[in-house]
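What follows is the content of target16.cif (mmCIF, C-alpha atoms and all ligand atoms).
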```cif
data_entry
#
loop_
_atom_site.label_atom_id
_atom_site.label_comp_id
_atom_site.auth_asym_id
_atom_site.auth_seq_id
_atom_site.Cartn_x
_atom_site.Cartn_y
_atom_site.Cartn_z
CA MET A 1 -142.00 -107.80 198.97
CA ASN A 2 -142.85 -106.48 202.41
CA ARG A 3 -139.54 -105.64 204.11
CA ALA A 4 -141.04 -104.41 207.42
CA PRO A 5 -139.63 -106.31 210.41
CA LYS A 6 -141.95 -109.05 211.70
CA GLY A 7 -144.71 -107.58 213.84
CA LEU A 8 -144.65 -104.21 212.12
CA SER A 9 -146.89 -105.34 209.30
CA GLY A 10 -150.20 -107.16 209.16
CA GLY A 11 -152.62 -104.78 210.83
CA SER A 12 -150.33 -103.28 213.47
CA SER A 13 -149.90 -99.54 213.20
CA LEU A 14 -146.37 -99.45 214.63
CA ASP A 15 -144.19 -96.94 212.83
CA PRO A 16 -140.94 -98.79 211.98
CA ALA A 17 -139.07 -95.47 211.83
CA ARG A 18 -139.93 -94.65 215.45
CA VAL A 19 -139.20 -97.90 217.24
CA PRO A 20 -137.28 -96.97 220.42
CA ALA A 21 -133.55 -97.64 220.19
CA HIS A 22 -133.41 -98.76 223.81
CA VAL A 23 -136.15 -100.36 225.90
CA ALA A 24 -135.61 -101.11 229.60
CA ILE A 25 -137.94 -103.38 231.56
CA ILE A 26 -138.60 -103.83 235.28
CA MET A 27 -139.87 -107.41 235.20
CA ASP A 28 -142.16 -107.47 238.23
CA GLY A 29 -144.92 -109.80 239.45
CA ASN A 30 -143.40 -113.27 239.23
CA GLY A 31 -144.25 -113.94 242.89
CA ARG A 32 -147.85 -112.71 242.62
CA TRP A 33 -148.36 -114.65 239.38
CA ALA A 34 -147.28 -117.84 241.16
CA CYS A 35 -149.22 -117.08 244.34
CA ALA A 36 -152.44 -116.54 242.34
CA ARG A 37 -151.99 -120.10 241.01
CA GLY A 38 -151.09 -121.69 244.34
CA LEU A 39 -147.51 -122.25 243.10
CA SER A 40 -144.15 -121.53 244.74
CA ARG A 41 -142.49 -118.19 243.97
CA ILE A 42 -139.71 -119.96 242.08
CA ARG A 43 -142.32 -121.37 239.67
CA GLY A 44 -143.16 -117.73 238.96
CA HIS A 45 -139.51 -116.99 238.17
CA LEU A 46 -139.39 -120.06 235.91
CA ALA A 47 -142.41 -118.76 233.99
CA GLY A 48 -140.74 -115.33 233.94
CA ALA A 49 -137.73 -116.84 232.18
CA GLU A 50 -140.10 -117.96 229.38
CA SER A 51 -141.28 -114.36 228.99
CA ILE A 52 -137.64 -113.25 228.71
CA ARG A 53 -137.12 -115.73 225.90
CA GLU A 54 -140.15 -114.49 223.95
CA ILE A 55 -139.52 -110.78 224.57
CA VAL A 56 -135.85 -111.01 223.53
CA ARG A 57 -136.83 -112.63 220.26
CA ALA A 58 -139.67 -110.14 219.67
CA ALA A 59 -137.47 -107.13 220.51
CA GLY A 60 -134.91 -108.20 217.90
CA GLU A 61 -137.60 -108.78 215.29
CA LEU A 62 -139.23 -105.42 215.98
CA GLY A 63 -135.95 -103.58 215.40
CA ILE A 64 -135.15 -102.54 218.99
CA GLY A 65 -131.40 -101.99 219.36
CA TYR A 66 -130.93 -102.45 223.11
CA LEU A 67 -133.07 -104.28 225.66
CA THR A 68 -132.12 -103.94 229.33
CA LEU A 69 -133.80 -106.32 231.77
CA TYR A 70 -133.73 -105.83 235.55
CA ALA A 71 -133.05 -109.43 236.52
CA PHE A 72 -131.56 -109.14 240.04
CA SER A 73 -131.14 -106.02 242.14
CA VAL A 74 -128.63 -105.28 244.90
CA GLU A 75 -131.67 -105.32 247.22
CA ASN A 76 -132.82 -108.80 246.08
CA TRP A 77 -130.22 -110.48 248.37
CA LYS A 78 -132.69 -109.68 251.20
CA ARG A 79 -135.04 -112.38 249.88
CA PRO A 80 -135.20 -115.82 251.56
CA LYS A 81 -131.96 -117.78 250.97
CA ARG A 82 -133.83 -120.51 249.10
CA GLU A 83 -135.34 -118.03 246.64
CA VAL A 84 -131.98 -116.32 246.03
CA SER A 85 -130.20 -119.61 245.37
CA SER A 86 -133.03 -120.78 243.08
CA LEU A 87 -132.79 -117.50 241.15
CA MET A 88 -129.01 -117.93 240.78
CA ALA A 89 -129.45 -121.54 239.62
CA LEU A 90 -132.14 -120.45 237.16
CA LEU A 91 -129.92 -117.69 235.82
CA LYS A 92 -127.02 -120.10 235.31
CA ARG A 93 -129.28 -122.61 233.53
CA PHE A 94 -130.82 -119.86 231.43
CA LEU A 95 -127.40 -118.64 230.28
CA ALA A 96 -126.29 -122.13 229.29
CA ARG A 97 -129.58 -123.00 227.54
CA GLU A 98 -130.12 -119.71 225.73
CA GLU A 99 -126.64 -119.32 224.23
CA ALA A 100 -127.58 -121.13 221.01
CA GLU A 101 -130.93 -119.29 220.76
CA LEU A 102 -129.16 -115.92 221.23
CA ASN A 103 -126.72 -116.79 218.46
CA ARG A 104 -129.55 -117.97 216.19
CA ASN A 105 -131.24 -114.60 216.70
CA ASN A 106 -128.01 -112.57 216.30
CA VAL A 107 -128.33 -111.26 219.89
CA ARG A 108 -125.32 -109.95 221.76
CA LEU A 109 -125.41 -110.46 225.53
CA ARG A 110 -123.98 -108.01 228.05
CA ALA A 111 -124.33 -107.60 231.80
CA ILE A 112 -124.35 -104.56 234.05
CA GLY A 113 -124.11 -104.41 237.85
CA ARG A 114 -121.67 -105.49 240.52
CA ILE A 115 -120.91 -108.68 238.62
CA ALA A 116 -117.98 -109.59 240.91
CA GLY A 117 -120.53 -109.96 243.75
CA LEU A 118 -122.36 -112.82 242.01
CA PRO A 119 -121.53 -116.48 242.79
CA SER A 120 -118.43 -117.51 240.82
CA ASP A 121 -120.25 -120.21 238.81
CA VAL A 122 -122.81 -117.62 237.67
CA GLN A 123 -120.00 -115.23 236.76
CA GLY A 124 -118.40 -118.02 234.70
CA ALA A 125 -121.65 -118.80 232.86
CA LEU A 126 -122.14 -115.10 232.20
CA ARG A 127 -118.60 -114.63 230.87
CA LYS A 128 -119.04 -117.63 228.60
CA ALA A 129 -122.41 -116.51 227.16
CA CYS A 130 -121.18 -112.90 226.67
CA ALA A 131 -118.03 -114.09 224.88
CA ALA A 132 -119.99 -116.57 222.72
CA THR A 133 -122.35 -113.82 221.50
CA ALA A 134 -119.89 -110.89 221.39
CA SER A 135 -119.72 -110.69 217.61
CA ASN A 136 -123.49 -110.70 217.03
CA THR A 137 -124.77 -107.53 215.41
CA GLY A 138 -128.52 -107.53 216.12
CA LEU A 139 -130.20 -106.73 219.43
CA THR A 140 -127.95 -106.09 222.44
CA LEU A 141 -129.52 -107.79 225.46
CA ILE A 142 -128.29 -106.27 228.72
CA LEU A 143 -128.99 -108.17 231.93
CA ALA A 144 -128.88 -105.99 235.05
CA LEU A 145 -127.55 -108.34 237.74
CA ASN A 146 -126.66 -107.40 241.31
CA TYR A 147 -127.58 -104.00 239.95
CA GLY A 148 -128.59 -100.82 241.78
CA GLY A 149 -128.85 -97.34 240.29
CA ARG A 150 -127.33 -95.75 243.38
CA SER A 151 -124.46 -98.24 243.60
CA GLU A 152 -123.78 -97.65 239.91
CA ILE A 153 -123.45 -93.91 240.59
CA VAL A 154 -121.25 -94.61 243.64
CA ASP A 155 -119.00 -96.84 241.50
CA ALA A 156 -118.78 -94.09 238.84
CA VAL A 157 -117.89 -91.45 241.46
CA ARG A 158 -115.19 -93.73 242.90
CA GLN A 159 -113.76 -94.22 239.42
CA LEU A 160 -113.72 -90.47 238.78
CA CYS A 161 -112.13 -89.74 242.19
CA ALA A 162 -109.40 -92.29 241.46
CA ARG A 163 -108.71 -90.63 238.11
CA ALA A 164 -108.59 -87.22 239.81
CA ALA A 165 -106.20 -88.56 242.47
CA ARG A 166 -103.90 -89.77 239.70
CA GLY A 167 -103.99 -86.26 238.24
CA GLU A 168 -105.85 -87.40 235.11
CA LEU A 169 -108.93 -85.25 235.69
CA THR A 170 -109.84 -81.92 237.36
CA ALA A 171 -113.20 -81.09 238.96
CA GLU A 172 -113.92 -78.58 236.20
CA GLU A 173 -113.49 -81.27 233.55
CA VAL A 174 -116.29 -83.37 235.05
CA GLY A 175 -119.48 -82.95 233.05
CA GLU A 176 -122.53 -85.06 232.22
CA GLU A 177 -120.61 -86.93 229.54
CA THR A 178 -117.78 -87.78 231.95
CA VAL A 179 -120.29 -89.16 234.47
CA ALA A 180 -122.27 -91.06 231.79
CA GLY A 181 -119.00 -92.48 230.48
CA SER A 182 -118.14 -93.85 233.93
CA LEU A 183 -121.43 -95.72 234.39
CA TYR A 184 -121.81 -99.45 233.62
CA THR A 185 -123.78 -98.35 230.54
CA ALA A 186 -120.96 -96.26 229.01
CA GLY A 187 -121.42 -96.18 225.24
CA ILE A 188 -125.03 -97.41 225.38
CA PRO A 189 -127.76 -94.88 224.50
CA ASP A 190 -130.15 -93.95 227.33
CA PRO A 191 -133.44 -95.90 227.38
CA ASP A 192 -136.22 -94.25 225.39
CA LEU A 193 -138.89 -96.39 226.98
CA LEU A 194 -139.10 -97.87 230.49
CA ILE A 195 -141.69 -100.62 230.94
CA ARG A 196 -142.78 -101.89 234.35
CA THR A 197 -145.03 -104.88 234.71
CA SER A 198 -147.47 -105.70 237.55
CA GLY A 199 -148.75 -102.17 238.04
CA GLU A 200 -146.36 -100.70 240.62
CA MET A 201 -145.58 -97.01 240.05
CA ARG A 202 -141.94 -97.11 241.14
CA VAL A 203 -138.53 -97.06 239.47
CA SER A 204 -136.99 -99.25 242.19
CA ASN A 205 -133.40 -98.01 241.89
CA PHE A 206 -133.20 -98.93 238.19
CA LEU A 207 -131.02 -96.91 235.78
CA LEU A 208 -131.53 -93.73 237.83
CA TRP A 209 -129.22 -91.57 235.73
CA GLN A 210 -130.16 -93.06 232.37
CA ILE A 211 -133.98 -92.80 232.58
CA SER A 212 -134.02 -89.00 232.99
CA TYR A 213 -136.05 -88.56 229.81
CA ALA A 214 -137.40 -92.07 229.27
CA GLU A 215 -141.10 -92.48 228.58
CA MET A 216 -142.78 -94.80 231.08
CA HIS A 217 -145.28 -97.53 230.34
CA VAL A 218 -146.75 -99.33 233.35
CA THR A 219 -148.95 -102.34 232.72
CA PRO A 220 -150.92 -104.33 235.32
CA VAL A 221 -149.88 -107.57 233.56
CA TYR A 222 -147.57 -109.78 235.66
CA TRP A 223 -144.19 -110.47 234.03
CA PRO A 224 -144.84 -114.20 233.34
CA ASP A 225 -147.91 -113.15 231.30
CA PHE A 226 -146.05 -110.37 229.44
CA ARG A 227 -145.59 -111.54 225.86
CA ARG A 228 -145.07 -110.10 222.38
CA PRO A 229 -148.54 -108.43 222.07
CA HIS A 230 -147.90 -106.58 225.36
CA LEU A 231 -144.54 -105.35 224.06
CA VAL A 232 -146.17 -104.16 220.84
CA ARG A 233 -148.84 -102.36 222.92
CA ALA A 234 -146.09 -100.63 224.95
CA LEU A 235 -144.35 -99.53 221.74
CA LEU A 236 -147.64 -98.17 220.33
CA ASP A 237 -148.15 -96.24 223.59
CA TYR A 238 -144.58 -94.89 223.26
CA GLN A 239 -145.20 -93.80 219.67
CA ARG A 240 -148.22 -91.74 220.79
CA ARG A 241 -146.05 -89.69 223.17
CA GLU A 242 -144.65 -86.28 222.34
CA ARG A 243 -141.06 -86.17 223.61
CA ARG A 244 -139.94 -82.66 224.44
CA PHE A 245 -136.79 -83.27 226.54
CA GLY A 246 -137.55 -80.16 228.60
CA GLY A 247 -138.22 -77.98 225.55
CA VAL A 248 -141.61 -76.76 224.33
C1 LIG A 301 -139.75 -109.74 240.22
O1 LIG A 301 -140.79 -110.58 240.59
C2 LIG A 301 -138.75 -110.37 239.42
C3 LIG A 301 -137.44 -110.57 239.79
C4 LIG A 301 -136.93 -110.69 241.16
C5 LIG A 301 -136.41 -110.62 238.79
C6 LIG A 301 -136.78 -111.20 237.48
C7 LIG A 301 -136.39 -112.60 237.40
C8 LIG A 301 -136.81 -113.43 236.43
C9 LIG A 301 -137.67 -113.01 235.30
C10 LIG A 301 -136.38 -114.83 236.55
C11 LIG A 301 -135.50 -115.30 235.49
C12 LIG A 301 -134.35 -114.42 235.24
C13 LIG A 301 -133.37 -114.77 234.42
C14 LIG A 301 -132.38 -113.77 233.95
C15 LIG A 301 -133.25 -116.15 233.94
P1 LIG A 301 -141.16 -110.60 242.12
O2 LIG A 301 -140.67 -111.88 242.69
O3 LIG A 301 -140.65 -109.37 242.81
O4 LIG A 301 -142.72 -110.56 242.06
P2 LIG A 301 -143.71 -110.05 243.21
O5 LIG A 301 -143.50 -108.56 243.32
O6 LIG A 301 -145.06 -110.42 242.67
O7 LIG A 301 -143.35 -110.79 244.46
#
```
Write the structure described by the file as structure tokens, please.
Ligand code: FPP
Amino acid sequence: MNRAPKGLSGGSSLDPARVPAHVAIIMDGNGRWACARGLSRIRGHLAGAESIREIVRAAGELGIGYLTLYAFSVENWKRPKREVSSLMALLKRFLAREEAELNRNNVRLRAIGRIAGLPSDVQGALRKACAATASNTGLTLILALNYGGRSEIVDAVRQLCARAARGELTAEEVGEETVAGSLYTAGIPDPDLLIRTSGEMRVSNFLLWQISYAEMHVTPVYWPDFRRPHLVRALLDYQRRERRFGGV
């Protein structure tokens, strides 16, 4: 019997032993996808939510351990009020609707970012979905919400300063592990692969500390069109890379 996870057999040359443990995605291009079809931007976000659904399922089946999705940045509040409130409503609906699907697929949900800055109903929906999936043991899906790489580092520094002020820590004791352990992602391995859709060559304030040695895969495909075959292509691209981590 073929025991390879779905998608790793049947003609694909993915090496199941070298599937990245952590994949992070900058889901870009919802607006352009919608605009190209004469639709409102929110219709692009709605279609983007469908891609999330498919990619979460595929990531679990392919044996990825952690999937971090950049769903709403600290900068996204600058968007028109109507778009922001539609995104928040979509997020709340998504959390309620996907809970059963996440449980069916053994997916554990987590969130990173300044969660206390989200509307309270969204926070409630998030708490509920995270609690309902907390004991799942498959893929960990991490939604980055009201997230910024720089604000994450600021929050970590504040935390470390507070510990130092209480006499729990000296400057000399602060090392990379102390900083990493004070980030929202404490305990989560750094991403091995960073995917960005819609062709932009930017990291846009995403996981600045954690992507130090991540491999990057940029595809011109808009996020609402990004489906399982595109994820497999990104993994194949990743598996062709030689990772040296600064060595030779
Ligand atoms: C970028 O597209 C995408 C976002 C602002 C965040 C991603 C949001 C979703 C996929 C919607 C659903 C999310 C959840 C968690 C249910 P863009 O609007 O910046 O595209 P553009 O650059 O073409 O304008």
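Inspection of the environment of ligand LIG 301 (chain A), which uses all atoms listed in the file and a cut-off of 7 Å, identifies the neighbouring residues as A:Met27, A:Asp28, A:Gly29, A:Asn30, A:Gly31, A:Arg32, A:Trp33, A:Arg41, A:His45, A:Leu46, A:Gly48, A:Ala49, A:Ile52, A:Tyr70, A:Ala71, A:Phe72, A:Asn76, A:Leu87, A:Leu90, A:Leu91, A:Phe94, A:Leu143.
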Give the answer as one residue: which of A:Lys128, A:Arg150, A:Lys92, A:Arg97 has the shortest atom-to-atom distance to A:Ser73, using all atoms listed in the file?
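Among the listed residues, the smallest separation from A:Ser73 belongs to A:Arg150.
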What lies within 9 Å of A:Ser51 using only C-alpha atoms, ignoring chain neighbours under 2 positions off, as an mmCIF file with C-alpha atoms, in the frame of the given file?
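Result file follows (out-v7.cif):
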```cif
data_model
loop_
_atom_site.group_PDB
_atom_site.id
_atom_site.type_symbol
_atom_site.label_atom_id
_atom_site.label_comp_id
_atom_site.auth_asym_id
_atom_site.auth_seq_id
_atom_site.Cartn_x
_atom_site.Cartn_y
_atom_site.Cartn_z
ATOM 1 C CA ALA A 47 -142.410 -118.760 233.990
ATOM 2 C CA GLY A 48 -140.740 -115.330 233.940
ATOM 3 C CA ALA A 49 -137.730 -116.840 232.180
ATOM 4 C CA ARG A 53 -137.120 -115.730 225.900
ATOM 5 C CA GLU A 54 -140.150 -114.490 223.950
ATOM 6 C CA ILE A 55 -139.520 -110.780 224.570
ATOM 7 C CA VAL A 56 -135.850 -111.010 223.530
ATOM 8 C CA TRP A 223 -144.190 -110.470 234.030
ATOM 9 C CA PRO A 224 -144.840 -114.200 233.340
ATOM 10 C CA ASP A 225 -147.910 -113.150 231.300
ATOM 11 C CA PHE A 226 -146.050 -110.370 229.440
ATOM 12 C CA ARG A 227 -145.590 -111.540 225.860
ATOM 13 C CA ARG A 228 -145.070 -110.100 222.380
#
```
A:Arg196: which residues within 9 Å, counting all atoms listed in the file, same-chain residues fewer than 4 positions away excluded, as a PyMOL selection string?
chain A and resi 24-28+200-203+216-220+223
Å distance separating atom CA of A:Ala134 from atom CA of A:Leu102, one decimal place:
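Taking atom CA of A:Ala134 as the start and atom CA of A:Leu102 as the end point, the length is 10.5 Å.
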Please measure the separation of atom CA of A:Ala131 and atom CA of A:Ile115, giving the value in Å to one decimal.
15.0 Å
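Here atom CA of A:Arg233 and atom CA of A:Ile42 stand 27.6 Å from one another.
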Pick from A:Glu75, A:Asp15, A:Asp155, A:Glu50: nearest to A:Ser204, with only C-alpha atoms counted?
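The shortest atom-to-atom distance to A:Ser204 comes from A:Glu75.
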Counting all atoms listed in the file, the option among A:His22, A:Arg158, A:Arg240, A:Arg108 closest to A:Gly138:
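Closest residue, counting all atoms listed in the file: A:Arg108.
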In file coordinates, which residues lie within 12 Å of (-119.1, -98.3, 232.8) using only C-alpha atoms, given as a list of chain:residue names?
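Checking each residue against the 12 Å limit leaves A:Arg110, A:Ala111, A:Ile112, A:Gly113, A:Arg114, A:Glu152, A:Ile153, A:Val154, A:Asp155, A:Ala156, A:Val157, A:Arg158, A:Gln159, A:Leu160, A:Glu177, A:Thr178, A:Val179, A:Ala180, A:Gly181, A:Ser182, A:Leu183, A:Tyr184, A:Thr185, A:Ala186, A:Gly187, A:Ile188.
Closest approach to A:Tyr147 among A:Gly117, A:Gly247, A:Pro16, A:Gly63: A:Gly117, based on all atoms listed in the file.
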The centre and edge lengths of an axis-aligned box containing all atoms of stretch 62-81 of chain A present in the file, extended by 6 Å on each side, are to be given in Å to one decimal, as JSON.
```
{"center_x": -133.9, "center_y": -109.9, "center_z": 233.5, "size_x": 22.6, "size_y": 27.8, "size_z": 48.2}
```
Residues within 10 Å of A:Val232, please, as a PyMOL selection string. Count all atoms listed in the file; anything in the same chain fewer than 3 positions from it doesn't count.
chain A and resi 7-8+12-14+58-59+62+227-229+235-238
Taking (-123.0, -114.0, 229.5) in the file's own coordinates, collect the residues within 9 Å, counting only C-alpha atoms, and hand them back as a CSV table (one decimal) with C-alpha atoms, in the coordinates of the input.
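Saved file result36.csv follows:
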```csv
chain,number,residue,atom,x,y,z
A,95,LEU,CA,-127.4,-118.6,230.3
A,96,ALA,CA,-126.3,-122.1,229.3
A,99,GLU,CA,-126.6,-119.3,224.2
A,109,LEU,CA,-125.4,-110.5,225.5
A,110,ARG,CA,-124.0,-108.0,228.0
A,111,ALA,CA,-124.3,-107.6,231.8
A,122,VAL,CA,-122.8,-117.6,237.7
A,123,GLN,CA,-120.0,-115.2,236.8
A,124,GLY,CA,-118.4,-118.0,234.7
A,125,ALA,CA,-121.6,-118.8,232.9
A,126,LEU,CA,-122.1,-115.1,232.2
A,127,ARG,CA,-118.6,-114.6,230.9
A,128,LYS,CA,-119.0,-117.6,228.6
A,129,ALA,CA,-122.4,-116.5,227.2
A,130,CYS,CA,-121.2,-112.9,226.7
A,131,ALA,CA,-118.0,-114.1,224.9
A,132,ALA,CA,-120.0,-116.6,222.7
A,133,THR,CA,-122.4,-113.8,221.5
A,143,LEU,CA,-129.0,-108.2,231.9
```
Of the candidates A:Ile195, A:Phe245, A:Glu101, A:Gly60, which one gets nearest to A:His230 if we count all atoms listed in the file?
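That would be A:Ile195, the residue with the smallest distance to A:His230.
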Can you pull out the residues contacting A:Arg244? Cut-off 12 Å, using all atoms listed in the file, and skip same-chain residues under 4 positions away; I want them as a list in words.
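Selected residues are Tyr213, Ala214, Glu215 and Val248 of chain A.
The nearest approach to A:Arg93 among the residues A:Thr197, A:Leu231, A:Asp121, A:Asp192, with all atoms listed in the file taken into account, belongs to A:Asp121.
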